[in-house]
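Text of entry_18.csv, listed as CSV, C-alpha atoms:
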```
chain,number,residue,atom,x,y,z
A,1,MET,CA,0.0,0.0,0.0
A,2,ILE,CA,2.5,3.6,-0.8
A,3,PHE,CA,5.1,3.1,1.3
A,4,SER,CA,2.7,0.9,0.6
A,5,PHE,CA,0.1,0.8,3.2
A,6,LEU,CA,1.0,-2.9,3.3
A,7,ILE,CA,1.5,-4.7,6.6
A,8,PHE,CA,4.4,-6.8,5.3
A,9,LEU,CA,6.4,-3.7,4.2
A,10,LEU,CA,7.5,-1.7,7.1
A,11,SER,CA,10.1,-1.3,9.8
A,12,THR,CA,9.8,0.0,13.4
A,13,VAL,CA,9.5,3.7,14.0
A,14,GLU,CA,11.5,4.9,17.0
A,15,ALA,CA,10.9,8.6,16.7
A,16,ALA,CA,8.4,10.5,18.9
A,17,GLN,CA,4.9,10.3,17.6
A,18,PRO,CA,3.2,13.6,16.9
A,19,TRP,CA,-0.3,12.0,16.8
A,20,SER,CA,-2.6,9.9,18.9
A,21,CYS,CA,-4.6,6.8,17.9
A,22,ASP,CA,-7.4,4.8,19.3
A,23,ASP,CA,-6.7,1.1,20.2
A,24,ALA,CA,-6.8,-1.1,17.1
A,25,THR,CA,-9.9,-3.4,17.0
A,26,TRP,CA,-11.0,-6.3,14.9
A,27,MET,CA,-13.8,-5.7,12.5
A,28,HIS,CA,-14.6,-9.4,12.9
A,29,GLU,CA,-12.9,-12.0,15.1
A,30,PRO,CA,-9.9,-13.5,13.3
A,31,GLN,CA,-10.8,-16.8,11.5
A,32,LEU,CA,-8.9,-19.9,10.7
A,33,GLU,CA,-10.9,-22.1,8.3
A,34,GLU,CA,-9.6,-24.9,6.2
A,35,GLY,CA,-6.1,-23.8,6.7
A,36,ILE,CA,-6.7,-20.2,5.8
A,37,PHE,CA,-6.3,-17.3,8.3
A,38,SER,CA,-8.2,-14.1,7.7
A,39,ALA,CA,-8.5,-11.0,9.7
A,40,THR,CA,-9.5,-7.3,9.3
A,41,ILE,CA,-8.2,-4.8,11.8
A,42,GLN,CA,-9.0,-1.0,12.1
A,43,THR,CA,-8.2,2.1,14.0
A,44,THR,CA,-8.7,5.9,14.0
A,45,CYS,CA,-5.9,8.4,14.5
A,46,TYR,CA,-5.7,12.1,15.1
A,47,ILE,CA,-3.2,14.5,13.8
A,48,HIS,CA,-2.7,18.2,14.4
A,49,ASP,CA,-0.6,19.6,11.5
A,50,SER,CA,0.4,23.2,12.3
A,51,ASN,CA,1.9,23.6,8.8
A,52,GLY,CA,-1.6,23.3,7.3
A,53,LYS,CA,-0.6,21.4,4.2
A,54,GLY,CA,-4.0,20.1,3.6
A,55,ILE,CA,-5.8,17.4,1.6
A,56,SER,CA,-4.6,18.5,-1.9
A,57,TRP,CA,-1.0,18.3,-0.7
A,58,ALA,CA,-1.5,14.8,0.7
A,59,PHE,CA,-3.1,13.7,-2.6
A,60,ASP,CA,-0.1,14.9,-4.6
A,61,ARG,CA,2.4,13.6,-2.0
A,62,ILE,CA,1.0,10.1,-2.4
A,63,GLN,CA,1.2,10.2,-6.2
A,64,LYS,CA,4.8,11.3,-6.1
A,65,GLU,CA,5.6,8.1,-4.2
A,66,PHE,CA,4.6,6.0,-7.3
A,67,LEU,CA,7.4,7.6,-9.4
A,68,LYS,CA,10.0,5.7,-7.5
A,69,LYS,CA,10.9,3.2,-10.2
A,70,ASP,CA,13.2,1.2,-8.0
A,71,LYS,CA,10.2,0.4,-5.8
A,72,TYR,CA,7.1,0.3,-8.1
A,73,GLU,CA,6.4,-1.1,-11.5
A,74,ILE,CA,3.4,0.6,-13.0
A,75,HIS,CA,1.4,-1.6,-15.3
A,76,SER,CA,-1.3,1.0,-16.0
A,77,GLY,CA,-2.2,4.4,-14.7
A,78,PRO,CA,-2.7,7.0,-13.7
A,79,ILE,CA,-6.3,6.7,-15.0
A,80,SER,CA,-8.8,9.4,-14.1
A,81,ILE,CA,-11.8,8.3,-12.1
A,82,GLU,CA,-14.8,9.9,-10.4
A,83,GLN,CA,-17.0,8.7,-7.5
A,84,ASP,CA,-19.8,10.9,-6.3
A,85,SER,CA,-18.2,14.3,-5.6
A,86,PHE,CA,-14.7,12.8,-5.5
A,87,GLN,CA,-12.1,12.8,-8.3
A,88,GLY,CA,-8.9,10.9,-8.5
A,89,VAL,CA,-6.8,8.3,-10.2
A,90,LYS,CA,-6.4,4.5,-10.2
A,91,TYR,CA,-3.3,2.4,-10.8
A,92,ASP,CA,-2.4,-1.2,-11.5
A,93,LEU,CA,1.1,-1.5,-10.1
A,94,THR,CA,3.5,-3.9,-8.4
A,95,ASP,CA,5.1,-2.9,-5.1
A,96,LYS,CA,8.6,-4.5,-4.7
A,97,LEU,CA,10.1,-4.9,-1.2
A,98,SER,CA,12.2,-7.0,1.1
A,99,GLU,CA,11.5,-7.7,4.7
A,100,GLU,CA,13.1,-10.1,7.2
A,101,GLY,CA,14.9,-12.0,4.5
A,102,SER,CA,11.9,-12.3,2.2
A,103,ASP,CA,11.5,-10.7,-1.2
A,104,ILE,CA,8.0,-9.7,-1.9
A,105,ALA,CA,6.3,-8.4,-5.1
A,106,ILE,CA,2.6,-7.5,-4.6
A,107,ARG,CA,0.6,-6.5,-7.6
A,108,GLN,CA,-2.3,-4.4,-6.6
A,109,ASN,CA,-5.2,-2.2,-7.8
A,110,ILE,CA,-5.0,1.2,-6.2
A,111,GLU,CA,-7.6,4.0,-6.0
A,112,LEU,CA,-6.8,7.5,-4.8
A,113,LEU,CA,-9.7,9.9,-4.5
A,114,THR,CA,-10.2,13.4,-3.0
A,115,ASP,CA,-12.7,16.3,-2.9
A,116,ARG,CA,-9.6,18.5,-2.7
A,117,GLU,CA,-10.9,20.2,0.4
A,118,LYS,CA,-12.0,17.9,3.3
A,119,GLU,CA,-11.4,14.3,2.5
A,120,LEU,CA,-8.9,11.9,0.9
A,121,ARG,CA,-9.6,8.2,0.2
A,122,TYR,CA,-7.0,5.6,-0.6
A,123,ARG,CA,-7.4,1.9,-1.2
A,124,THR,CA,-5.1,-0.9,-2.2
A,125,GLU,CA,-6.2,-4.4,-3.0
A,126,SER,CA,-3.7,-7.2,-4.0
A,127,THR,CA,-4.4,-9.2,-7.2
A,128,ALA,CA,-1.2,-11.3,-7.2
A,129,ILE,CA,1.6,-11.9,-4.7
A,130,GLN,CA,5.0,-13.4,-5.3
A,131,ALA,CA,7.2,-13.9,-2.3
A,132,SER,CA,9.9,-16.0,-0.8
A,133,GLY,CA,10.4,-17.4,2.7
A,134,THR,CA,7.5,-17.1,5.2
A,135,ALA,CA,6.0,-14.3,3.2
A,136,SER,CA,5.1,-16.8,0.5
A,137,TYR,CA,2.1,-17.9,2.5
A,138,LEU,CA,0.5,-14.4,2.2
A,139,ARG,CA,-2.5,-14.8,-0.1
A,140,TYR,CA,-4.2,-11.4,0.0
A,141,VAL,CA,-3.8,-8.0,1.5
A,142,SER,CA,-5.8,-4.8,1.3
A,143,PHE,CA,-5.5,-1.4,3.0
A,144,GLU,CA,-8.1,1.4,3.2
A,145,THR,CA,-7.3,4.9,4.4
A,146,ARG,CA,-9.7,7.9,4.9
A,147,VAL,CA,-8.3,11.3,5.9
A,148,ILE,CA,-10.9,13.7,7.0
A,149,SER,CA,-9.7,17.3,7.6
A,150,ASN,CA,-11.0,20.3,9.5
A,151,LYS,CA,-8.5,23.1,9.0
A,152,ASN,CA,-5.2,21.8,10.7
A,153,ASN,CA,-6.8,18.8,12.4
A,154,HIS,CA,-7.0,15.5,10.6
A,155,GLN,CA,-8.8,12.3,11.4
A,156,VAL,CA,-7.2,9.2,9.8
A,157,LYS,CA,-9.3,6.0,9.6
A,158,LEU,CA,-7.3,2.9,8.7
A,159,LYS,CA,-8.5,-0.6,7.9
A,160,ASN,CA,-6.3,-3.6,6.9
A,161,LYS,CA,-7.3,-7.1,5.8
A,162,VAL,CA,-4.9,-10.0,5.4
A,163,VAL,CA,-5.4,-13.6,4.3
A,164,VAL,CA,-2.6,-16.1,5.0
A,165,GLU,CA,-2.3,-19.8,4.2
A,166,ARG,CA,-1.2,-22.0,7.1
A,167,PRO,CA,2.1,-23.7,6.4
A,168,TRP,CA,1.9,-27.5,6.6
A,169,PHE,CA,4.3,-27.5,9.5
A,170,ALA,CA,2.4,-24.9,11.6
A,171,LEU,CA,0.2,-26.3,14.4
A,172,SER,CA,-3.4,-25.1,14.0
A,173,PHE,CA,-3.9,-24.2,17.6
A,174,LEU,CA,-0.8,-22.0,17.6
A,175,PHE,CA,-1.1,-20.5,14.1
A,176,LYS,CA,-4.3,-18.5,14.7
A,177,PRO,CA,-3.2,-16.6,17.8
A,178,LEU,CA,0.3,-16.1,16.5
A,179,SER,CA,-1.0,-14.8,13.1
A,180,ALA,CA,-3.4,-12.5,15.0
A,181,LYS,CA,-0.6,-11.1,17.1
A,182,ILE,CA,1.7,-10.6,14.0
A,183,THR,CA,-1.2,-8.8,12.2
A,184,GLU,CA,-1.7,-6.4,15.1
A,185,ASP,CA,2.0,-5.7,15.4
A,186,LYS,CA,2.5,-5.1,11.6
A,187,PHE,CA,-0.6,-3.0,11.5
A,188,GLU,CA,0.7,-0.7,14.2
A,189,ILE,CA,4.0,-0.4,12.4
A,190,ALA,CA,2.3,0.4,9.1
A,191,ARG,CA,0.1,2.9,10.8
A,192,ASN,CA,3.0,4.8,12.3
A,193,ARG,CA,4.9,4.8,9.1
A,194,LEU,CA,1.9,6.1,7.1
A,195,LEU,CA,1.3,8.9,9.5
A,196,GLU,CA,5.0,9.8,9.6
A,197,HIS,CA,5.0,9.9,5.8
A,198,LEU,CA,2.0,12.1,5.6
A,199,LEU,CA,3.6,14.6,7.9
A,200,SER,CA,7.0,14.6,6.2
A,201,ASP,CA,8.4,16.6,3.4
A,202,PRO,CA,9.1,14.8,0.1
A,203,SER,CA,12.7,13.6,-0.3
```
Kindly transcribe the structure held in the file into structure tokens.
Amino acid sequence: MIFSFLIFLLSTVEAAQPWSCDDATWMHEPQLEEGIFSATIQTTCYIHDSNGKGISWAFDRIQKEFLKKDKYEIHSGPISIEQDSFQGVKYDLTDKLSEEGSDIAIRQNIELLTDREKELRYRTESTAIQASGTASYLRYVSFETRVISNKNNHQVKLKNKVVVERPWFALSFLFKPLSAKITEDKFEIARNRLLEHLLSDPS
């Protein structure tokens, strides 16, 4: 998801956090059925941005991320789209990354929409995943972000879904709670990196 809003992408943030977040909660209780773990986790965060960069700035900031050719392979896009009073773009791209010794390439559909004043909507949904190591059991990931602004105060709603296949060697009674804990930890890391990115200046 940009940086990529993906839970298997990110490293720990050690800097002080200029924001606050509600506790993450499950939309539905994590499930393990026929060897497939699935879970959707969500939270809401609150940012005060004294620089007042605004929604339009965030929209352009995210699009600039996709120009990093060493990280993204764009298959199509940007293609203009409209939904209700929102305008934006969609992409079909592959996000390439390495984490904990695993190489991961996640092809995903991306929609980025805004009314240019009060709200930004960002969604990624994987369509194909190629990975090595333990990441090879990842079957699906999506991330949804809504940024709602009132002058310099921003409310950021985040929702992340993951689907993971249980390895043959993993014990069922341990795999579900362990996967749930990893999902929570990775979601927190992804949340922090996203908020940090939105508050930073482009490099």
Contacts of A:Asp23 at 10 Å (only C-alpha atoms; same-chain gap of 6+ positions) as a ChimeraX atom specification: /A:42-45,188
Selected residue, from A:Tyr46, A:Leu93, A:Leu67, A:His154, that lies nearest to A:Asp22 when counting all atoms listed in the file: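 Of A:Tyr46, A:Leu93, A:Leu67, A:His154, the one nearest A:Asp22 is A:Tyr46, counting all atoms listed in the file.
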Please report, as a tab-separated table, each residue of stretch 8-119 of chain A lying at most 8 Å from stretch 166-185 of chain A, together with the nearest pair of atoms and the separation in Å rounded to one decimal; use all atoms listed in the file, and order rows by chain and ascending residue number.
```
residue	atom	partner	partner_atom	distance
A:Ala24	CA	A:Glu184	CA	7.6
A:Pro30	CA	A:Ala180	CA	6.8
A:Gln31	CA	A:Lys176	CA	7.4
A:Leu32	CA	A:Lys176	CA	6.3
A:Gly35	CA	A:Arg166	CA	5.2
A:Ile36	CA	A:Arg166	CA	5.9
A:Phe37	CA	A:Lys176	CA	6.8
A:Ala39	CA	A:Ala180	CA	7.5
A:Ile41	CA	A:Glu184	CA	7.5
```
For stretch 68-76 of chain A: contacts at 9 Å, only C-alpha atoms, fewer than 5 positions along chain excluded, given as a VMD selection string: chain A and resid 90 to 97 107
Coordinates-based distance that separates atom CA of A:Ile47 from atom CA of A:Glu99 (Å, one decimal):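 Calculated distance between atom CA of A:Glu99 and atom CA of A:Ile47 is 28.1 Å.
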Which of A:Asp49, A:Asp84, A:Glu34, A:Glu65 sits closest to A:Thr114 [using all atoms listed in the file]: A:Asp84
Proximity to A:Tyr122 - best of A:Ser20, A:Gln87, A:Ser102, A:Asn192, only C-alpha atoms: A:Gln87
Atom pair atom CA of A:Arg146 / atom CA of A:Lys118: separation (Å):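 Calculated distance between atom CA of A:Arg146 and atom CA of A:Lys118 is 10.4 Å.
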Once you count only C-alpha atoms, which residues end up no further than 12 Å from (-12.6, 21.6, 11.1) in the file's frame, shown as a PDB file with C-alpha atoms, in the coordinates of the input?
```pdb
ATOM      1  CA  HIS A  48      -2.700  18.200  14.400  1.00  0.00           C
ATOM      2  CA  GLY A  52      -1.600  23.300   7.300  1.00  0.00           C
ATOM      3  CA  GLY A  54      -4.000  20.100   3.600  1.00  0.00           C
ATOM      4  CA  GLU A 117     -10.900  20.200   0.400  1.00  0.00           C
ATOM      5  CA  LYS A 118     -12.000  17.900   3.300  1.00  0.00           C
ATOM      6  CA  GLU A 119     -11.400  14.300   2.500  1.00  0.00           C
ATOM      7  CA  ILE A 148     -10.900  13.700   7.000  1.00  0.00           C
ATOM      8  CA  SER A 149      -9.700  17.300   7.600  1.00  0.00           C
ATOM      9  CA  ASN A 150     -11.000  20.300   9.500  1.00  0.00           C
ATOM     10  CA  LYS A 151      -8.500  23.100   9.000  1.00  0.00           C
ATOM     11  CA  ASN A 152      -5.200  21.800  10.700  1.00  0.00           C
ATOM     12  CA  ASN A 153      -6.800  18.800  12.400  1.00  0.00           C
ATOM     13  CA  HIS A 154      -7.000  15.500  10.600  1.00  0.00           C
ATOM     14  CA  GLN A 155      -8.800  12.300  11.400  1.00  0.00           C
TER      15      GLN A 155
END
```
Using only C-alpha atoms: which of A:Leu194, A:Val156, A:Val162, A:Leu113 has the shortest distance to A:Ser56: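 Ranking A:Leu194, A:Val156, A:Val162, A:Leu113 by distance to A:Ser56, first place goes to A:Leu113.
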Protein, DNA and RNA residues within 7 Å of (-4.7, -8.6, -6.6), all atoms listed in the file, as a ChimeraX atom specification: /A:107-109,125-128
Computed interatomic separation between atom CA of A:Asp115 and atom CA of A:Ser85 (Å):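 Between atom CA of A:Asp115 and atom CA of A:Ser85 the gap works out to 6.4 Å.
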Distance criterion (only C-alpha atoms): nearest to A:Arg121 out of A:Ile79, A:Ile55, A:Met27, A:Val164: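 For A:Arg121, the nearest of the candidates is A:Ile55.
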Among the residues A:Val141, A:Ile110, A:Leu120, A:Leu195, the one that comes closest to A:Thr40 [using all atoms listed in the file]: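 Among the listed residues, A:Val141 lies closest to A:Thr40.
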Set up a box along x, y and z of the file covering all listed atoms of stretch 158-177 of chain A, add 5 Å on every one of the six sides, and write the centre and edge lengths in Å to one decimal, as AutoDock Vina command-line options.
```
--center_x -2.1 --center_y -12.3 --center_z 11.0 --size_x 22.8 --size_y 40.4 --size_z 23.6
```
